[in-house]
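Below: data.cif (mmCIF, C-alpha atoms and all ligand atoms)
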data_input
loop_
_atom_site.label_atom_id
_atom_site.label_comp_id
_atom_site.auth_asym_id
_atom_site.auth_seq_id
_atom_site.Cartn_x
_atom_site.Cartn_y
_atom_site.Cartn_z
CA MET A 1 -10.35 -12.05 3.72
CA ARG A 2 -8.75 -10.53 0.63
CA VAL A 3 -8.57 -6.78 0.76
CA ILE A 4 -6.88 -4.14 -1.36
CA LEU A 5 -5.73 -0.84 0.07
CA LEU A 6 -6.02 2.01 -2.39
CA GLY A 7 -5.06 5.64 -2.02
CA PRO A 8 -2.49 8.21 -3.05
CA PRO A 9 1.12 7.89 -1.90
CA GLY A 10 1.33 8.97 1.72
CA ALA A 11 -2.38 8.32 2.42
CA GLY A 12 -1.55 5.99 5.29
CA LYS A 13 -1.90 2.59 3.59
CA GLY A 14 1.22 1.11 5.16
CA THR A 15 0.44 2.55 8.59
CA GLN A 16 -3.08 1.11 8.56
CA ALA A 17 -2.08 -2.21 7.02
CA ARG A 18 0.29 -2.91 9.91
CA HIS A 19 -2.54 -2.42 12.40
CA ILE A 20 -5.11 -4.44 10.49
CA SER A 21 -3.05 -7.42 9.36
CA GLY A 22 -2.32 -8.44 12.96
CA LYS A 23 -5.98 -8.19 13.97
CA PHE A 24 -7.18 -10.47 11.19
CA GLY A 25 -4.12 -12.72 11.08
CA ILE A 26 -3.52 -12.13 7.39
CA PRO A 27 -0.22 -11.06 5.81
CA HIS A 28 0.41 -7.49 4.75
CA ILE A 29 1.77 -7.64 1.22
CA SER A 30 3.30 -4.33 0.19
CA THR A 31 4.90 -4.12 -3.23
CA GLY A 32 6.69 -0.92 -2.19
CA ASP A 33 8.23 -2.69 0.84
CA ILE A 34 9.24 -5.67 -1.28
CA PHE A 35 10.97 -3.42 -3.82
CA MET A 36 12.69 -1.39 -1.13
CA LYS A 37 14.00 -4.45 0.70
CA ASN A 38 15.39 -5.78 -2.56
CA ILE A 39 17.08 -2.48 -3.33
CA THR A 40 18.70 -2.40 0.12
CA GLY A 41 19.74 -6.04 -0.27
CA GLU A 42 21.09 -5.30 -3.77
CA THR A 43 19.30 -8.31 -5.29
CA GLU A 44 18.65 -8.77 -9.01
CA LEU A 45 15.09 -7.55 -8.52
CA GLY A 46 16.38 -4.57 -6.56
CA LYS A 47 18.76 -3.63 -9.35
CA LYS A 48 15.92 -3.74 -11.88
CA ALA A 49 13.51 -1.75 -9.70
CA LYS A 50 15.84 0.92 -8.34
CA GLU A 51 15.83 3.40 -11.20
CA TYR A 52 12.03 3.40 -11.34
CA LEU A 53 11.56 3.92 -7.60
CA ASP A 54 14.12 6.67 -7.40
CA LYS A 55 12.35 8.61 -10.14
CA GLY A 56 8.88 7.93 -8.81
CA TYR A 57 7.84 5.84 -11.83
CA LEU A 58 5.95 2.58 -11.69
CA VAL A 59 8.07 -0.54 -11.95
CA PRO A 60 7.04 -2.25 -15.24
CA ASP A 61 4.13 -4.72 -15.07
CA GLU A 62 6.33 -7.55 -16.43
CA ILE A 63 8.26 -7.43 -13.18
CA THR A 64 5.56 -6.44 -10.71
CA ILE A 65 2.68 -8.72 -11.67
CA ASP A 66 4.61 -12.02 -11.43
CA LEU A 67 6.02 -10.95 -8.12
CA VAL A 68 2.58 -10.40 -6.61
CA ILE A 69 0.92 -13.42 -8.19
CA ASN A 70 3.67 -15.67 -6.80
CA ARG A 71 3.37 -14.04 -3.40
CA ILE A 72 -0.39 -14.54 -3.08
CA ARG A 73 0.03 -18.21 -3.95
CA GLU A 74 2.22 -18.78 -0.90
CA ASP A 75 0.90 -20.78 2.04
CA ASP A 76 0.48 -17.92 4.51
CA ALA A 77 -1.83 -16.17 2.03
CA LYS A 78 -4.31 -19.06 1.77
CA ASN A 79 -6.86 -17.44 4.08
CA GLY A 80 -6.38 -13.95 2.77
CA TYR A 81 -4.14 -10.93 2.65
CA LEU A 82 -3.99 -7.20 2.59
CA LEU A 83 -2.56 -5.91 -0.66
CA ASP A 84 -0.91 -2.53 -0.19
CA GLY A 85 0.26 -0.76 -3.33
CA PHE A 86 -1.06 -3.33 -5.79
CA PRO A 87 -2.83 -3.03 -8.20
CA ARG A 88 -1.57 0.38 -9.24
CA ASN A 89 -2.92 0.52 -12.78
CA LEU A 90 -5.83 -1.00 -14.69
CA ASN A 91 -3.78 -3.75 -16.27
CA GLN A 92 -2.58 -4.95 -12.86
CA GLY A 93 -6.19 -4.85 -11.64
CA GLU A 94 -7.43 -6.94 -14.54
CA VAL A 95 -4.68 -9.53 -14.24
CA LEU A 96 -5.35 -9.82 -10.51
CA PHE A 97 -9.04 -10.51 -11.17
CA GLN A 98 -8.26 -13.13 -13.80
CA THR A 99 -5.77 -14.84 -11.52
CA LEU A 100 -8.17 -14.94 -8.57
CA GLU A 101 -10.83 -16.40 -10.80
CA GLU A 102 -8.44 -19.13 -11.91
CA MET A 103 -7.61 -19.82 -8.27
CA GLY A 104 -11.32 -19.98 -7.36
CA ASP A 105 -10.95 -17.02 -5.00
CA HIS A 106 -12.49 -13.56 -4.84
CA LEU A 107 -11.69 -10.14 -3.43
CA ASP A 108 -13.76 -8.89 -0.50
CA ALA A 109 -13.12 -5.17 -0.76
CA ALA A 110 -11.01 -2.36 -2.11
CA LEU A 111 -10.56 0.14 0.70
CA LEU A 112 -9.83 3.63 -0.51
CA ILE A 113 -8.05 5.77 2.08
CA ASP A 114 -9.16 9.12 0.82
CA VAL A 115 -6.78 12.04 1.46
CA PRO A 116 -6.67 15.23 -0.61
CA PHE A 117 -3.42 16.26 -2.30
CA GLU A 118 -3.01 19.29 0.02
CA ASP A 119 -2.34 16.93 2.93
CA ILE A 120 -0.19 14.47 1.06
CA LYS A 121 2.97 16.52 0.64
CA GLU A 122 3.30 17.25 4.36
CA ARG A 123 2.78 13.58 5.14
CA MET A 124 5.49 12.48 2.74
CA GLU A 125 7.95 15.19 3.77
CA GLY A 126 7.64 14.27 7.43
CA ARG A 127 7.65 10.51 6.89
CA ARG A 128 10.50 8.54 8.45
CA ILE A 129 10.87 4.79 8.09
CA CYS A 130 12.71 2.17 10.07
CA THR A 131 15.80 0.75 8.34
CA SER A 132 15.08 -2.64 9.89
CA CYS A 133 11.35 -3.39 10.28
CA GLY A 134 10.00 -0.84 7.79
CA ALA A 135 7.63 0.80 10.31
CA SER A 136 6.57 4.25 9.21
CA TYR A 137 6.56 7.33 11.46
CA HIS A 138 5.88 11.02 11.02
CA ILE A 139 7.92 13.73 12.69
CA LYS A 140 4.73 15.61 13.59
CA PHE A 141 1.73 13.27 13.32
CA ASN A 142 3.24 10.03 14.58
CA PRO A 143 6.62 10.68 16.19
CA PRO A 144 8.68 7.83 17.65
CA GLU A 145 9.27 7.80 21.41
CA LYS A 146 12.90 8.73 20.83
CA GLU A 147 13.82 10.96 17.91
CA GLY A 148 15.36 9.05 15.00
CA VAL A 149 14.87 5.63 16.63
CA CYS A 150 12.19 3.01 15.87
CA SER A 151 9.92 2.52 18.90
CA LYS A 152 9.20 -1.06 17.83
CA CYS A 153 12.69 -2.43 17.20
CA GLY A 154 15.23 0.22 18.18
CA HIS A 155 16.79 0.65 14.74
CA LYS A 156 17.57 3.88 12.98
CA LEU A 157 14.87 5.92 11.20
CA VAL A 158 15.61 7.50 7.84
CA GLN A 159 13.78 9.49 5.20
CA ARG A 160 12.60 7.34 2.33
CA ARG A 161 14.76 7.52 -0.79
CA ASP A 162 11.77 8.56 -2.92
CA ASP A 163 10.27 11.12 -0.52
CA HIS A 164 12.27 13.98 -2.02
CA VAL A 165 10.53 16.74 -3.96
CA GLU A 166 11.03 15.56 -7.56
CA ALA A 167 9.99 11.96 -6.93
CA VAL A 168 6.98 13.10 -4.88
CA GLU A 169 5.75 15.29 -7.77
CA GLU A 170 6.18 12.40 -10.18
CA ARG A 171 4.42 9.93 -7.90
CA LEU A 172 1.42 12.23 -7.59
CA LYS A 173 1.27 12.52 -11.38
CA VAL A 174 1.52 8.74 -11.76
CA TYR A 175 -1.27 8.33 -9.19
CA GLU A 176 -3.60 10.71 -11.07
CA GLU A 177 -2.96 9.14 -14.42
CA HIS A 178 -2.55 5.42 -13.72
CA THR A 179 -3.87 4.53 -10.28
CA LYS A 180 -6.94 6.73 -9.85
CA PRO A 181 -8.85 4.96 -12.66
CA LEU A 182 -8.89 1.91 -10.38
CA ILE A 183 -11.37 3.71 -8.14
CA SER A 184 -14.13 3.47 -10.74
CA PHE A 185 -12.90 0.01 -11.75
CA PHE A 186 -13.55 -1.27 -8.20
CA ARG A 187 -16.72 0.77 -7.82
CA LYS A 188 -18.20 -0.92 -10.89
CA LYS A 189 -17.42 -4.27 -9.31
CA ASN A 190 -19.18 -3.19 -6.11
CA LEU A 191 -16.03 -3.60 -4.09
CA LEU A 192 -15.15 0.01 -3.30
CA VAL A 193 -15.32 1.23 0.29
CA SER A 194 -14.13 4.76 0.85
CA VAL A 195 -12.71 5.84 4.20
CA ASP A 196 -11.94 9.41 5.29
CA GLY A 197 -8.15 9.34 5.62
CA THR A 198 -7.82 12.90 6.91
CA LYS A 199 -8.75 11.80 10.43
CA GLY A 200 -6.09 10.83 12.96
CA ILE A 201 -4.28 7.52 12.60
CA GLU A 202 -6.19 5.74 15.37
CA GLU A 203 -9.54 7.00 14.21
CA VAL A 204 -8.88 5.77 10.68
CA THR A 205 -7.87 2.38 12.10
CA GLU A 206 -11.14 2.16 14.01
CA ILE A 207 -13.22 3.00 10.96
CA ILE A 208 -11.40 0.39 8.89
CA LEU A 209 -11.65 -2.27 11.59
CA ASP A 210 -15.41 -1.66 11.85
CA VAL A 211 -15.87 -2.02 8.11
CA LEU A 212 -13.78 -5.18 7.91
CA THR A 213 -15.28 -6.79 11.01
CA GLU A 214 -18.78 -6.30 9.65
CA MET A 215 -17.69 -7.76 6.34
CA ASP A 216 -16.01 -10.72 8.03
CA ASN A 217 -19.13 -11.47 10.12
CA LYS A 218 -21.35 -11.36 7.05
CA ASP A 219 -18.97 -13.71 5.24
CA ASN A 220 -19.01 -16.19 8.12
CA ASN A 221 -22.81 -16.17 8.25
CA GLU A 222 -23.25 -16.97 4.59
P1 LIG A 301 3.71 4.93 -1.37
O1 LIG A 301 3.91 4.51 0.06
O2 LIG A 301 4.25 6.25 -1.67
O3 LIG A 301 2.31 4.69 -1.82
P2 LIG A 301 4.91 2.45 -2.14
O4 LIG A 301 5.78 2.17 -0.97
O5 LIG A 301 3.64 1.70 -2.25
O6 LIG A 301 4.63 4.00 -2.23
O7 LIG A 301 5.72 2.24 -3.48
C1 LIG A 301 6.99 2.83 -3.69
C2 LIG A 301 7.38 2.69 -5.14
O8 LIG A 301 7.45 1.29 -5.49
C3 LIG A 301 6.44 3.29 -6.15
O9 LIG A 301 6.67 4.68 -6.33
C4 LIG A 301 6.78 2.47 -7.41
O10 LIG A 301 8.01 2.91 -7.98
C5 LIG A 301 7.02 1.10 -6.84
N1 LIG A 301 5.78 0.31 -6.82
C6 LIG A 301 5.09 -0.09 -5.72
N2 LIG A 301 4.00 -0.81 -6.06
C7 LIG A 301 4.00 -0.87 -7.43
C8 LIG A 301 3.12 -1.46 -8.39
N3 LIG A 301 2.01 -2.12 -8.03
N4 LIG A 301 3.44 -1.30 -9.69
C9 LIG A 301 4.54 -0.64 -10.08
N5 LIG A 301 5.39 -0.05 -9.23
C10 LIG A 301 5.14 -0.16 -7.91
P1 LIG A 302 1.38 5.10 2.34
O1 LIG A 302 1.75 3.69 2.70
O2 LIG A 302 -0.03 5.25 1.89
O3 LIG A 302 2.34 5.74 1.39
P2 LIG A 302 2.18 5.75 5.09
O4 LIG A 302 1.41 4.79 5.90
O5 LIG A 302 3.64 5.52 4.94
O6 LIG A 302 1.47 5.98 3.67
O7 LIG A 302 1.94 7.21 5.72
C1 LIG A 302 2.56 8.37 5.15
C2 LIG A 302 2.99 9.33 6.28
O8 LIG A 302 1.83 9.91 6.87
C3 LIG A 302 3.75 8.64 7.42
O9 LIG A 302 4.71 9.54 7.89
C4 LIG A 302 2.66 8.36 8.46
O10 LIG A 302 3.18 8.34 9.78
C5 LIG A 302 1.72 9.55 8.25
N1 LIG A 302 0.30 9.23 8.48
C6 LIG A 302 -0.35 8.07 8.16
N2 LIG A 302 -1.67 8.14 8.47
C7 LIG A 302 -1.86 9.39 8.97
C8 LIG A 302 -3.02 10.09 9.49
N3 LIG A 302 -4.23 9.51 9.53
N4 LIG A 302 -2.84 11.36 9.93
C9 LIG A 302 -1.60 11.95 9.87
N5 LIG A 302 -0.49 11.34 9.42
C10 LIG A 302 -0.60 10.09 8.97
ZN ZN A 303 11.77 -0.84 13.43
#
As structure tokens - that is how I would like this structure written.
Ligand code: ADP
Ligand code: ADP
Ligand code: ZN
Amino acid sequence: MRVILLGPPGAGKGTQARHISGKFGIPHISTGDIFMKNITGETELGKKAKEYLDKGYLVPDEITIDLVINRIREDDAKNGYLLDGFPRNLNQGEVLFQTLEEMGDHLDAALLIDVPFEDIKERMEGRRICTSCGASYHIKFNPPEKEGVCSKCGHKLVQRRDDHVEAVEERLKVYEEHTKPLISFFRKKNLLVSVDGTKGIEEVTEIILDVLTEMDNKDNNE
């Protein structure tokens, strides 16, 4: 199953992807996580990506597209994947389609986690992420068992480097201008499924699991 998670920054894509990928045994591929790991590890890629992330800009397509295309060609992605944070503009969407066609594969759905801008800022301000496993928490909506400590692996939680006011404003602008057009792009291809992301985390997971399970069953019956 090849699924794309769409939605504004802070919509809950990462949170949901972690729940879903285990259930379907497919890898969660998050471009944001890949960039952040490379920045922390001070790799060449990290050095190139850092200035864009810190300002809330998109990393240029020349860097991002190859990274994703190589990743989806890896062995663990043979039976599918959840793409979180890619595509983020129309060019990335088009290249992804072309590549899948060349590979003889197809996408099953683009899941839009729909959350209005009013809710987004609070989600990003309260977000805390694990310095080790990348798990995402929220001081109010999804607090860890022990303040400042990851419930899954015990490492320290920090605020994300780009969850400060200026970068958040920029990321919302980038979303409006570059990413939102992908909604009609996927709708035209009959792949768009919209999910109400304002519900609680578990409720959203249930809705998504229902949608994907139904899709998976249909696929297996064909
Ligand atoms: P959010 O969780 O806020 O949606 P991500 O973790 O997906 O953000 O991404 C963090 C940052 O990584 C983005 O602001 C952008 O700088 C960069 N990034 C992630 N995915 C892409 C992409 N597909 N194209 C360009 N830049 C990207
Ligand atoms: P994205 O990957 O789309 O940027 P995250 O999954 O990191 O978003 O979620 C952003 C913040 O909102 C995190 O602090 C997360 O705990 C919180 N969050 C995610 N889903 C919900 C939800 N349904 N209700 C309330 N808070 C949520
Ligand atoms: Zn952790």
Could you tell me, counting only C-alpha atoms and all ligand atoms, which protein and nucleic acid residues lie no more than 6 Å from ligand ZN 303 (chain A), written as a list in words?
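I would give the residues around ligand ZN 303 (chain A) as Cys130, Ser132, Cys133, Gly134, Ala135, Cys150, Lys152, Cys153, Gly154 and His155 of chain A.
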Nearest-residue call for A:Leu191, choices A:Glu101, A:Met36, A:Pro9, A:Arg2, using all atoms listed in the file:
A:Arg2
Quick one: residues within 12 Å of A:Glu51, only C-alpha atoms counted, chain neighbours fewer than 3 positions away excluded, as a list in words?
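What passes the distance filter is Phe35, Met36, Ile39, Leu45, Gly46, Lys47, Lys48, Asp54, Lys55, Gly56, Tyr57, Leu58, Val59, Pro60, Arg161, Asp162 and Ala167 of chain A.
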I'd like the interatomic distance between atom CA of A:Ile201 and atom CA of A:Thr64, to a tenth of an Å.
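Here the two named atoms are 28.9 Å from each other.
Among the candidate residues A:Ala49, A:Leu157, A:Ala110, A:Leu96, the one lying nearest to ligand LIG 301 (chain A) is A:Ala49, with distances computed using only C-alpha atoms and all ligand atoms.
Among the candidates A:Thr198, A:Asn91, A:Ser151, A:Thr40, the one nearest to ligand LIG 302 (chain A) when counting all atoms listed in the file is A:Thr198.
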I'd like the box whose edges run along x, y and z of the file and which contains every listed atom of ligand LIG 302 (chain A), padded by 3 Å per side; could you state its centre and edge lengths in Å, one decimal, as AutoDock Vina command-line options?
--center_x 0.2 --center_y 7.8 --center_z 5.7 --size_x 14.9 --size_y 14.3 --size_z 14.5
Please write out the residues within 9 Å of ligand LIG 301 (chain A) as a VMD selection string, counting all atoms listed in the file.
chain A and resid 6 to 14 30 to 36 49 to 61 63 to 65 68 84 to 89 92 124 162 to 163 167 to 168 170 to 172 174 to 175
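Coordinates place atom CA of A:Leu90 at a distance of 7.0 Å from atom CA of A:Pro181.
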Work out how far apart atom CA of A:Arg160 and atom C5 of ligand LIG 302 (chain A) are and give it in Å to one decimal.
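Answer for the atom CA of A:Arg160 to atom C5 of ligand LIG 302 (chain A) separation: 12.6 Å.
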Using only C-alpha atoms, which residues sit within 12 Å of A:Glu214 once same-chain residues fewer than 6 positions away are excluded, as a list in words?
Met1, Asp108, Ala109, Ile207, Ile208, Asn220 and Asn221 of chain A
Closest to ligand LIG 302 (chain A) among A:Glu176, A:Asp210, A:Glu122, A:Asp216, using all atoms listed in the file?
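With all atoms listed in the file as the atom set, the closest residue is A:Glu122.
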List the neighbours of A:His164 out to 9 Å using only C-alpha atoms; skip same-chain residues closer than 5 positions along the sequence, and give me the result as a list in words.
Met124, Glu125, Gln159 and Glu169 of chain A
